[in-house]
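Pasted below: data.pdb, PDB, C-alpha atoms, pLDDT in the B column.
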ATOM      1  CA  MET A   8     209.379 -55.697 149.526  1.00 83.00           C
ATOM      2  CA  ARG A   9     209.116 -54.585 145.904  1.00 96.00           C
ATOM      3  CA  THR A  10     209.244 -58.003 144.297  1.00 98.00           C
ATOM      4  CA  ALA A  11     207.430 -59.822 141.506  1.00 98.00           C
ATOM      5  CA  THR A  12     207.463 -63.100 139.612  1.00 98.00           C
ATOM      6  CA  ILE A  13     206.108 -63.464 136.087  1.00 98.00           C
ATOM      7  CA  LYS A  14     205.550 -66.749 134.292  1.00 98.00           C
ATOM      8  CA  ARG A  15     204.984 -66.625 130.552  1.00 97.00           C
ATOM      9  CA  LYS A  16     204.406 -69.731 128.453  1.00 97.00           C
ATOM     10  CA  THR A  17     203.622 -69.845 124.744  1.00 96.00           C
ATOM     11  CA  LYS A  18     204.167 -72.357 121.959  1.00 96.00           C
ATOM     12  CA  GLU A  19     207.541 -70.679 121.393  1.00 96.00           C
ATOM     13  CA  THR A  20     208.909 -70.052 124.897  1.00 98.00           C
ATOM     14  CA  ASP A  21     208.519 -70.984 128.559  1.00 98.00           C
ATOM     15  CA  ILE A  22     209.877 -68.215 130.774  1.00 98.00           C
ATOM     16  CA  GLU A  23     209.922 -67.398 134.487  1.00 98.00           C
ATOM     17  CA  VAL A  24     211.336 -64.086 135.717  1.00 98.00           C
ATOM     18  CA  SER A  25     211.662 -62.884 139.319  1.00 98.00           C
ATOM     19  CA  VAL A  26     212.850 -59.451 140.440  1.00 98.00           C
ATOM     20  CA  ASN A  27     213.601 -57.720 143.712  1.00 98.00           C
ATOM     21  CA  LEU A  28     213.991 -53.984 143.114  1.00 98.00           C
ATOM     22  CA  ASP A  29     215.624 -53.526 146.516  1.00 97.00           C
ATOM     23  CA  GLY A  30     218.195 -56.281 146.120  1.00 97.00           C
ATOM     24  CA  SER A  31     221.961 -56.383 145.840  1.00 97.00           C
ATOM     25  CA  GLY A  32     222.328 -57.247 142.152  1.00 98.00           C
ATOM     26  CA  ALA A  33     222.348 -61.013 142.586  1.00 98.00           C
ATOM     27  CA  SER A  34     221.484 -62.905 139.428  1.00 98.00           C
ATOM     28  CA  ASN A  35     220.668 -66.404 138.262  1.00 98.00           C
ATOM     29  CA  ILE A  36     220.277 -66.315 134.490  1.00 98.00           C
ATOM     30  CA  ALA A  37     219.728 -69.215 132.082  1.00 98.00           C
ATOM     31  CA  THR A  38     218.253 -68.485 128.652  1.00 98.00           C
ATOM     32  CA  GLY A  39     220.369 -70.829 126.549  1.00 97.00           C
ATOM     33  CA  ILE A  40     221.908 -67.795 124.800  1.00 98.00           C
ATOM     34  CA  GLY A  41     225.374 -67.067 126.167  1.00 97.00           C
ATOM     35  CA  PHE A  42     225.729 -63.436 125.118  1.00 98.00           C
ATOM     36  CA  PHE A  43     222.188 -62.599 126.237  1.00 98.00           C
ATOM     37  CA  ASP A  44     222.829 -64.222 129.627  1.00 98.00           C
ATOM     38  CA  HIS A  45     225.886 -61.974 129.942  1.00 98.00           C
ATOM     39  CA  MET A  46     223.800 -58.852 129.205  1.00 98.00           C
ATOM     40  CA  LEU A  47     221.126 -59.785 131.752  1.00 98.00           C
ATOM     41  CA  ASP A  48     223.739 -60.624 134.365  1.00 98.00           C
ATOM     42  CA  LEU A  49     225.343 -57.197 134.076  1.00 98.00           C
ATOM     43  CA  LEU A  50     221.889 -55.579 134.026  1.00 98.00           C
ATOM     44  CA  ALA A  51     221.220 -57.131 137.427  1.00 98.00           C
ATOM     45  CA  ARG A  52     224.673 -56.337 138.797  1.00 98.00           C
ATOM     46  CA  HIS A  53     224.703 -52.672 137.868  1.00 98.00           C
ATOM     47  CA  SER A  54     221.033 -51.966 138.667  1.00 98.00           C
ATOM     48  CA  ARG A  55     221.311 -53.799 142.015  1.00 98.00           C
ATOM     49  CA  ILE A  56     218.031 -55.489 141.119  1.00 98.00           C
ATOM     50  CA  ASP A  57     218.068 -59.163 142.090  1.00 98.00           C
ATOM     51  CA  LEU A  58     217.124 -61.033 138.929  1.00 98.00           C
ATOM     52  CA  THR A  59     216.290 -64.647 138.181  1.00 98.00           C
ATOM     53  CA  VAL A  60     215.542 -65.649 134.592  1.00 98.00           C
ATOM     54  CA  LYS A  61     214.790 -69.190 133.455  1.00 98.00           C
ATOM     55  CA  ALA A  62     213.922 -69.389 129.770  1.00 98.00           C
ATOM     56  CA  VAL A  63     213.418 -72.335 127.446  1.00 98.00           C
ATOM     57  CA  GLY A  64     212.764 -71.314 123.870  1.00 96.00           C
ATOM     58  CA  ASP A  65     212.790 -72.475 120.272  1.00 97.00           C
ATOM     59  CA  LEU A  66     216.493 -71.827 119.811  1.00 96.00           C
ATOM     60  CA  HIS A  67     216.564 -74.344 116.961  1.00 95.00           C
ATOM     61  CA  ILE A  68     214.781 -71.628 114.953  1.00 94.00           C
ATOM     62  CA  ASP A  69     216.740 -68.600 116.182  1.00 95.00           C
ATOM     63  CA  HIS A  70     217.161 -66.398 119.262  1.00 98.00           C
ATOM     64  CA  HIS A  71     214.343 -63.972 118.469  1.00 97.00           C
ATOM     65  CA  HIS A  72     211.429 -65.406 120.455  1.00 98.00           C
ATOM     66  CA  THR A  73     213.489 -66.131 123.566  1.00 98.00           C
ATOM     67  CA  THR A  74     215.050 -62.658 123.582  1.00 98.00           C
ATOM     68  CA  GLU A  75     211.806 -60.766 122.953  1.00 98.00           C
ATOM     69  CA  ASP A  76     209.694 -62.834 125.345  1.00 98.00           C
ATOM     70  CA  THR A  77     212.267 -62.438 128.103  1.00 98.00           C
ATOM     71  CA  GLY A  78     212.031 -58.680 127.601  1.00 98.00           C
ATOM     72  CA  ILE A  79     208.240 -58.900 127.881  1.00 98.00           C
ATOM     73  CA  ALA A  80     208.368 -60.935 131.091  1.00 98.00           C
ATOM     74  CA  LEU A  81     211.067 -58.797 132.698  1.00 98.00           C
ATOM     75  CA  GLY A  82     209.200 -55.615 131.839  1.00 98.00           C
ATOM     76  CA  GLN A  83     206.011 -57.005 133.374  1.00 98.00           C
ATOM     77  CA  ALA A  84     207.887 -58.059 136.501  1.00 98.00           C
ATOM     78  CA  VAL A  85     209.442 -54.617 136.993  1.00 98.00           C
ATOM     79  CA  ARG A  86     206.094 -52.920 136.469  1.00 97.00           C
ATOM     80  CA  GLN A  87     204.374 -55.229 138.965  1.00 97.00           C
ATOM     81  CA  ALA A  88     207.150 -54.794 141.529  1.00 97.00           C
ATOM     82  CA  LEU A  89     206.855 -50.994 141.311  1.00 95.00           C
ATOM     83  CA  GLY A  90     203.254 -51.161 142.538  1.00 92.00           C
ATOM     84  CA  ASN A  91     201.670 -47.693 142.604  1.00 89.00           C
ATOM     85  CA  MET A  92     205.141 -46.127 142.184  1.00 90.00           C
ATOM     86  CA  ALA A  93     204.748 -43.966 145.284  1.00 87.00           C
ATOM     87  CA  GLY A  94     207.991 -42.341 146.367  1.00 90.00           C
ATOM     88  CA  ILE A  95     210.141 -43.382 143.400  1.00 93.00           C
ATOM     89  CA  THR A  96     212.661 -40.980 141.896  1.00 94.00           C
ATOM     90  CA  ARG A  97     211.025 -41.636 138.495  1.00 95.00           C
ATOM     91  CA  TYR A  98     213.500 -39.897 136.163  1.00 96.00           C
ATOM     92  CA  ALA A  99     217.123 -40.815 135.557  1.00 98.00           C
ATOM     93  CA  GLY A 100     219.743 -40.612 132.855  1.00 98.00           C
ATOM     94  CA  VAL A 101     223.308 -41.753 132.416  1.00 98.00           C
ATOM     95  CA  HIS A 102     226.177 -41.624 129.953  1.00 98.00           C
ATOM     96  CA  MET A 103     227.775 -45.073 129.922  1.00 98.00           C
ATOM     97  CA  PRO A 104     231.292 -45.570 128.552  1.00 98.00           C
ATOM     98  CA  MET A 105     232.596 -48.943 127.428  1.00 98.00           C
ATOM     99  CA  ASP A 106     236.114 -48.529 126.083  1.00 98.00           C
ATOM    100  CA  GLU A 107     235.734 -46.635 122.768  1.00 98.00           C
ATOM    101  CA  THR A 108     231.925 -46.564 123.018  1.00 98.00           C
ATOM    102  CA  LEU A 109     229.681 -44.022 124.723  1.00 98.00           C
ATOM    103  CA  SER A 110     225.920 -44.482 125.072  1.00 98.00           C
ATOM    104  CA  ARG A 111     223.262 -42.310 126.665  1.00 98.00           C
ATOM    105  CA  VAL A 112     220.260 -43.914 128.380  1.00 98.00           C
ATOM    106  CA  VAL A 113     217.428 -41.844 129.842  1.00 98.00           C
ATOM    107  CA  ILE A 114     214.325 -43.258 131.544  1.00 98.00           C
ATOM    108  CA  ASP A 115     211.005 -41.956 132.799  1.00 97.00           C
ATOM    109  CA  ILE A 116     208.968 -44.440 134.803  1.00 96.00           C
ATOM    110  CA  SER A 117     205.828 -42.793 133.539  1.00 92.00           C
ATOM    111  CA  GLY A 118     203.379 -45.589 132.867  1.00 91.00           C
ATOM    112  CA  ARG A 119     203.466 -44.387 129.246  1.00 93.00           C
ATOM    113  CA  PRO A 120     205.517 -46.876 127.233  1.00 97.00           C
ATOM    114  CA  PHE A 121     207.735 -45.491 124.506  1.00 98.00           C
ATOM    115  CA  LEU A 122     211.146 -46.361 123.089  1.00 98.00           C
ATOM    116  CA  VAL A 123     213.550 -44.203 121.113  1.00 98.00           C
ATOM    117  CA  PHE A 124     216.488 -46.397 120.075  1.00 98.00           C
ATOM    118  CA  LYS A 125     219.272 -44.763 118.074  1.00 98.00           C
ATOM    119  CA  VAL A 126     221.949 -47.423 118.014  1.00 98.00           C
ATOM    120  CA  ASP A 127     223.879 -48.727 115.018  1.00 98.00           C
ATOM    121  CA  PHE A 128     225.919 -51.914 115.127  1.00 98.00           C
ATOM    122  CA  PRO A 129     228.892 -52.367 112.771  1.00 98.00           C
ATOM    123  CA  ARG A 130     228.313 -56.136 112.675  1.00 97.00           C
ATOM    124  CA  ASP A 131     225.174 -58.250 112.251  1.00 97.00           C
ATOM    125  CA  LYS A 132     226.190 -60.718 114.960  1.00 97.00           C
ATOM    126  CA  ILE A 133     227.976 -60.858 118.286  1.00 97.00           C
ATOM    127  CA  GLY A 134     229.049 -64.474 118.324  1.00 95.00           C
ATOM    128  CA  GLU A 135     225.806 -66.273 117.430  1.00 94.00           C
ATOM    129  CA  PHE A 136     223.584 -63.433 118.696  1.00 97.00           C
ATOM    130  CA  ASP A 137     221.880 -61.181 116.101  1.00 98.00           C
ATOM    131  CA  THR A 138     222.579 -57.554 116.977  1.00 98.00           C
ATOM    132  CA  GLU A 139     219.104 -56.513 115.753  1.00 98.00           C
ATOM    133  CA  LEU A 140     217.705 -58.391 118.764  1.00 98.00           C
ATOM    134  CA  VAL A 141     219.143 -55.785 121.136  1.00 98.00           C
ATOM    135  CA  ARG A 142     216.499 -53.334 119.932  1.00 98.00           C
ATOM    136  CA  GLU A 143     213.818 -56.038 120.084  1.00 98.00           C
ATOM    137  CA  TRP A 144     214.652 -56.669 123.743  1.00 98.00           C
ATOM    138  CA  PHE A 145     214.633 -52.975 124.670  1.00 98.00           C
ATOM    139  CA  GLN A 146     211.305 -52.507 122.860  1.00 98.00           C
ATOM    140  CA  ALA A 147     209.702 -55.457 124.652  1.00 98.00           C
ATOM    141  CA  PHE A 148     211.053 -54.305 128.011  1.00 98.00           C
ATOM    142  CA  ALA A 149     209.993 -50.656 127.654  1.00 98.00           C
ATOM    143  CA  ILE A 150     206.467 -51.428 126.464  1.00 98.00           C
ATOM    144  CA  ASN A 151     205.793 -53.985 129.187  1.00 98.00           C
ATOM    145  CA  ALA A 152     207.485 -52.054 131.990  1.00 98.00           C
ATOM    146  CA  GLY A 153     205.435 -48.998 131.041  1.00 97.00           C
ATOM    147  CA  VAL A 154     208.460 -46.724 130.788  1.00 98.00           C
ATOM    148  CA  THR A 155     209.599 -44.033 128.401  1.00 98.00           C
ATOM    149  CA  LEU A 156     213.109 -45.034 127.389  1.00 98.00           C
ATOM    150  CA  HIS A 157     215.637 -43.250 125.193  1.00 98.00           C
ATOM    151  CA  VAL A 158     218.768 -45.177 124.202  1.00 98.00           C
ATOM    152  CA  GLU A 159     221.391 -43.633 121.940  1.00 98.00           C
ATOM    153  CA  THR A 160     224.941 -44.669 121.195  1.00 98.00           C
ATOM    154  CA  LEU A 161     226.861 -41.466 120.588  1.00 98.00           C
ATOM    155  CA  TYR A 162     229.864 -43.277 119.146  1.00 98.00           C
ATOM    156  CA  GLY A 163     231.495 -46.697 119.137  1.00 98.00           C
ATOM    157  CA  ASP A 164     233.170 -49.246 116.880  1.00 98.00           C
ATOM    158  CA  ASN A 165     232.801 -52.623 118.594  1.00 98.00           C
ATOM    159  CA  SER A 166     229.366 -54.275 118.551  1.00 98.00           C
ATOM    160  CA  HIS A 167     229.919 -56.079 121.860  1.00 98.00           C
ATOM    161  CA  HIS A 168     230.914 -52.811 123.542  1.00 98.00           C
ATOM    162  CA  ILE A 169     227.922 -50.997 122.030  1.00 98.00           C
ATOM    163  CA  ALA A 170     225.432 -53.571 123.301  1.00 98.00           C
ATOM    164  CA  GLU A 171     227.086 -53.699 126.713  1.00 98.00           C
ATOM    165  CA  SER A 172     227.036 -49.923 127.094  1.00 98.00           C
ATOM    166  CA  CYS A 173     223.289 -49.927 126.333  1.00 98.00           C
ATOM    167  CA  PHE A 174     222.476 -52.621 128.900  1.00 98.00           C
ATOM    168  CA  LYS A 175     224.765 -51.107 131.546  1.00 98.00           C
ATOM    169  CA  GLY A 176     223.298 -47.688 130.856  1.00 98.00           C
ATOM    170  CA  LEU A 177     219.793 -49.039 131.388  1.00 98.00           C
ATOM    171  CA  ALA A 178     220.958 -50.731 134.574  1.00 98.00           C
ATOM    172  CA  ARG A 179     222.314 -47.535 136.100  1.00 98.00           C
ATOM    173  CA  ALA A 180     219.320 -45.480 134.965  1.00 98.00           C
ATOM    174  CA  LEU A 181     216.912 -48.043 136.437  1.00 98.00           C
ATOM    175  CA  ARG A 182     218.893 -48.132 139.670  1.00 98.00           C
ATOM    176  CA  ALA A 183     218.403 -44.385 140.118  1.00 98.00           C
ATOM    177  CA  ALA A 184     214.826 -44.158 138.823  1.00 97.00           C
ATOM    178  CA  VAL A 185     213.328 -46.951 140.958  1.00 97.00           C
ATOM    179  CA  ALA A 186     215.058 -45.701 144.101  1.00 96.00           C
ATOM    180  CA  ILE A 187     212.834 -44.255 146.804  1.00 93.00           C
ATOM    181  CA  ASP A 188     213.334 -40.508 147.157  1.00 88.00           C
ATOM    182  CA  PRO A 189     213.504 -39.872 150.927  1.00 86.00           C
ATOM    183  CA  LYS A 190     212.137 -36.358 150.427  1.00 81.00           C
ATOM    184  CA  ALA A 191     209.054 -37.683 148.635  1.00 77.00           C
ATOM    185  CA  ALA A 192     208.331 -40.967 150.409  1.00 71.00           C
ATOM    186  CA  GLY A 193     204.745 -42.021 149.824  1.00 74.00           C
ATOM    187  CA  GLU A 194     204.121 -39.362 147.175  1.00 69.00           C
ATOM    188  CA  ILE A 195     203.225 -40.145 143.566  1.00 67.00           C
ATOM    189  CA  PRO A 196     205.840 -38.274 141.481  1.00 58.00           C
ATOM    190  CA  SER A 197     203.336 -36.630 139.154  1.00 56.00           C
ATOM    191  CA  THR A 198     201.269 -33.449 139.195  1.00 49.00           C
ATOM    192  CA  LYS A 199     198.345 -35.599 138.027  1.00 59.00           C
ATOM    193  CA  GLY A 200     198.490 -37.623 141.224  1.00 56.00           C
ATOM    194  CA  SER A 201     198.931 -40.908 139.380  1.00 58.00           C
ATOM    195  CA  LEU A 202     201.235 -42.601 136.888  1.00 58.00           C
ATOM    196  CA  GLY A 203     200.106 -44.819 134.104  1.00 63.00           C
ATOM    197  CA  GLY A 204     198.684 -42.751 131.285  1.00 55.00           C
TER     198      GLY A 204
END
Go through the file and emit its structure as structure tokens.
Amino acid sequence: MRTATIKRKTKETDIEVSVNLDGSGASNIATGIGFFDHMLDLLARHSRIDLTVKAVGDLHIDHHHTTEDTGIALGQAVRQALGNMAGITRYAGVHMPMDETLSRVVIDISGRPFLVFKVDFPRDKIGEFDTELVREWFQAFAINAGVTLHVETLYGDNSHHIAESCFKGLARALRAAVAIDPKAAGEIPSTKGSLGG
């Protein structure tokens, strides 16, 4: 079973994240941030990664620490669950439509963390959620998961749709990239013989 649980506690947040890469997309999300919970729920559903997130943060200040630290913990959990990455498909990309919006998300589970994020939001907030925190979450996730991740919204007018297309795009790319390739079971998908730098 490719599973992991990460507990992260600081003076700003107390977070526990569990993942099962070979799940059915079941989720149990509670961060105290409604829109963010929605994004993580659809990430689980469309990646088919079982995901539990329990986060208590300093929401009286703002949503920044809770959002970023959840990205850190989830990235660490995915990386731990992948183990030595033997047999994974490794690369995947998707174009994700959401009504008038189209985003492209491409991932390489390389062990070399990098994020390219070319997404503009027409509004500063989605409800009470700061749209700039979408990039913060993707950055925290990519660095801690050890993945190269390119996220670009090609066009779109609605900030909610733009954010949702990015999270759904990541979900579908992750779903394909973490899958075991039956033609390469047990093999490390790299000419170097290892992933991670």
Can you list, as a list in words, the residues that the PyMOL selection byres ((chain A and resi 173) around 10) selects here?
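Selected by the PyMOL selection byres ((chain A and resi 173) around 10) here: Met46, Leu50, His102, Met103, Pro104, Met105, Thr108, Leu109, Ser110, Arg111, Val112, Phe124, Val126, Val141, Arg142, Phe145, Val158, Glu159, Thr160, His168, Ile169, Ala170, Glu171, Ser172, Phe174, Lys175, Gly176, Leu177 and Ala178 of chain A.
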Could those residues be written to a file, using C-alpha atoms, as a CSV table (one decimal), in the coordinates of the input?
chain,number,residue,atom,x,y,z
A,46,MET,CA,223.8,-58.9,129.2
A,50,LEU,CA,221.9,-55.6,134.0
A,102,HIS,CA,226.2,-41.6,130.0
A,103,MET,CA,227.8,-45.1,129.9
A,104,PRO,CA,231.3,-45.6,128.6
A,105,MET,CA,232.6,-48.9,127.4
A,108,THR,CA,231.9,-46.6,123.0
A,109,LEU,CA,229.7,-44.0,124.7
A,110,SER,CA,225.9,-44.5,125.1
A,111,ARG,CA,223.3,-42.3,126.7
A,112,VAL,CA,220.3,-43.9,128.4
A,124,PHE,CA,216.5,-46.4,120.1
A,126,VAL,CA,221.9,-47.4,118.0
A,141,VAL,CA,219.1,-55.8,121.1
A,142,ARG,CA,216.5,-53.3,119.9
A,145,PHE,CA,214.6,-53.0,124.7
A,158,VAL,CA,218.8,-45.2,124.2
A,159,GLU,CA,221.4,-43.6,121.9
A,160,THR,CA,224.9,-44.7,121.2
A,168,HIS,CA,230.9,-52.8,123.5
A,169,ILE,CA,227.9,-51.0,122.0
A,170,ALA,CA,225.4,-53.6,123.3
A,171,GLU,CA,227.1,-53.7,126.7
A,172,SER,CA,227.0,-49.9,127.1
A,174,PHE,CA,222.5,-52.6,128.9
A,175,LYS,CA,224.8,-51.1,131.5
A,176,GLY,CA,223.3,-47.7,130.9
A,177,LEU,CA,219.8,-49.0,131.4
A,178,ALA,CA,221.0,-50.7,134.6
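Between CA of Asp69 in chain A and CA of Asp137 in chain A there is a distance of 9.0 Å.
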Correct to one decimal, the distance CA of Ala37 in chain A-CA of Ala11 in chain A is 18.1 Å
If the PyMOL selection byres ((chain A and resi 180-196) around 8) were run on this exact file, what residues would it hold? Put them as a PyMOL selection string.
chain A and resi 28+53-56+89+91-101+112-116+176-179+197-198+200-202
Using only C-alpha atoms, please write the residues we just selected to a file, as a compact mmCIF listing (two decimals), in the frame of the given file.
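That gives us selection.txt:
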# COMPACT_ATOMS: atom_id res chain seq x y z
CA LEU A 28 213.99 -53.98 143.11
CA HIS A 53 224.70 -52.67 137.87
CA SER A 54 221.03 -51.97 138.67
CA ARG A 55 221.31 -53.80 142.01
CA ILE A 56 218.03 -55.49 141.12
CA LEU A 89 206.86 -50.99 141.31
CA ASN A 91 201.67 -47.69 142.60
CA MET A 92 205.14 -46.13 142.18
CA ALA A 93 204.75 -43.97 145.28
CA GLY A 94 207.99 -42.34 146.37
CA ILE A 95 210.14 -43.38 143.40
CA THR A 96 212.66 -40.98 141.90
CA ARG A 97 211.02 -41.64 138.50
CA TYR A 98 213.50 -39.90 136.16
CA ALA A 99 217.12 -40.82 135.56
CA GLY A 100 219.74 -40.61 132.85
CA VAL A 101 223.31 -41.75 132.42
CA VAL A 112 220.26 -43.91 128.38
CA VAL A 113 217.43 -41.84 129.84
CA ILE A 114 214.32 -43.26 131.54
CA ASP A 115 211.00 -41.96 132.80
CA ILE A 116 208.97 -44.44 134.80
CA GLY A 176 223.30 -47.69 130.86
CA LEU A 177 219.79 -49.04 131.39
CA ALA A 178 220.96 -50.73 134.57
CA ARG A 179 222.31 -47.54 136.10
CA SER A 197 203.34 -36.63 139.15
CA THR A 198 201.27 -33.45 139.20
CA GLY A 200 198.49 -37.62 141.22
CA SER A 201 198.93 -40.91 139.38
CA LEU A 202 201.24 -42.60 136.89
Selection in question (the file shown): the PyMOL selection byres ((chain A and resi 122) around 9). Which residues does it include, as a list in words?
Pro120, Phe121, Val123, Phe124, Phe145, Gln146, Ala149, Ile150, Val154, Thr155, Leu156, His157 and Val158 of chain A
Return as lines of an AutoDock Vina configuration file the box centre and box size in Å, one decimal, for an axis-aligned box around all listed atoms of range 173-188 of chain A padded by 6 Å per side.
center_x = 218.8
center_y = -46.6
center_z = 136.7
size_x = 23.9
size_y = 24.1
size_z = 32.8
When you count all atoms listed in the file, which of these residues is closest to Arg86 in chain A: A:Gly163, A:Gly41, A:Pro129, A:Gly118?
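Nearest candidate to Arg86 in chain A out of A:Gly163, A:Gly41, A:Pro129, A:Gly118: A:Gly118.
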Between A:His71, A:Arg52, A:Lys18, A:Arg130, single out the one closest to Asn165 in chain A, counting only C-alpha atoms.
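Going through A:His71, A:Arg52, A:Lys18, A:Arg130 one by one, the smallest distance to Asn165 in chain A is for A:Arg130.
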Quick check, in Å to one decimal: how far apart do CA of Lys132 in chain A and CA of Glu107 in chain A lie?
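Pair CA of Lys132 in chain A / CA of Glu107 in chain A returns 18.7 Å.
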Min atom-atom distance to Gln87 in chain A from the set A:Thr73, A:Thr38, A:Phe43, A:Asn27, counting all atoms listed in the file, belongs to A:Asn27
Show me as a PyMOL selection string the residues that reach within 8 Å of (216.6, -56.2, 144.6), counting all atoms listed in the file and using the file's own coordinates.
chain A and resi 9-10+26-33+55-58
Export of prior selection with C-alpha atoms as a PDB file, keeping the file's coordinate frame:
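Result file follows (out-v3.pdb):
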ATOM      1  CA  ARG A   9     209.116 -54.585 145.904  1.00 96.00           C
ATOM      2  CA  THR A  10     209.244 -58.003 144.297  1.00 98.00           C
ATOM      3  CA  VAL A  26     212.850 -59.451 140.440  1.00 98.00           C
ATOM      4  CA  ASN A  27     213.601 -57.720 143.712  1.00 98.00           C
ATOM      5  CA  LEU A  28     213.991 -53.984 143.114  1.00 98.00           C
ATOM      6  CA  ASP A  29     215.624 -53.526 146.516  1.00 97.00           C
ATOM      7  CA  GLY A  30     218.195 -56.281 146.120  1.00 97.00           C
ATOM      8  CA  SER A  31     221.961 -56.383 145.840  1.00 97.00           C
ATOM      9  CA  GLY A  32     222.328 -57.247 142.152  1.00 98.00           C
ATOM     10  CA  ALA A  33     222.348 -61.013 142.586  1.00 98.00           C
ATOM     11  CA  ARG A  55     221.311 -53.799 142.015  1.00 98.00           C
ATOM     12  CA  ILE A  56     218.031 -55.489 141.119  1.00 98.00           C
ATOM     13  CA  ASP A  57     218.068 -59.163 142.090  1.00 98.00           C
ATOM     14  CA  LEU A  58     217.124 -61.033 138.929  1.00 98.00           C
TER      15      LEU A  58
END
Rank nothing, just name the residue among A:Ile133, A:Leu49, A:Ile40, A:Val85 nearest to His72 in chain A, using all atoms listed in the file.
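Answer, going by the shortest atom-to-atom distance: A:Ile40.
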Between A:Asp106, A:Asp65, A:Glu23, A:Asp44, which one has atoms that come closest to Ile79 in chain A, using only C-alpha atoms?
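Distance minimum relative to Ile79 in chain A lands on A:Glu23.
When only C-alpha atoms are used to compute distances to Glu139 in chain A, the closest of the residues A:Ser34, A:Ile13, A:Lys125, A:Tyr162 turns out to be A:Lys125.
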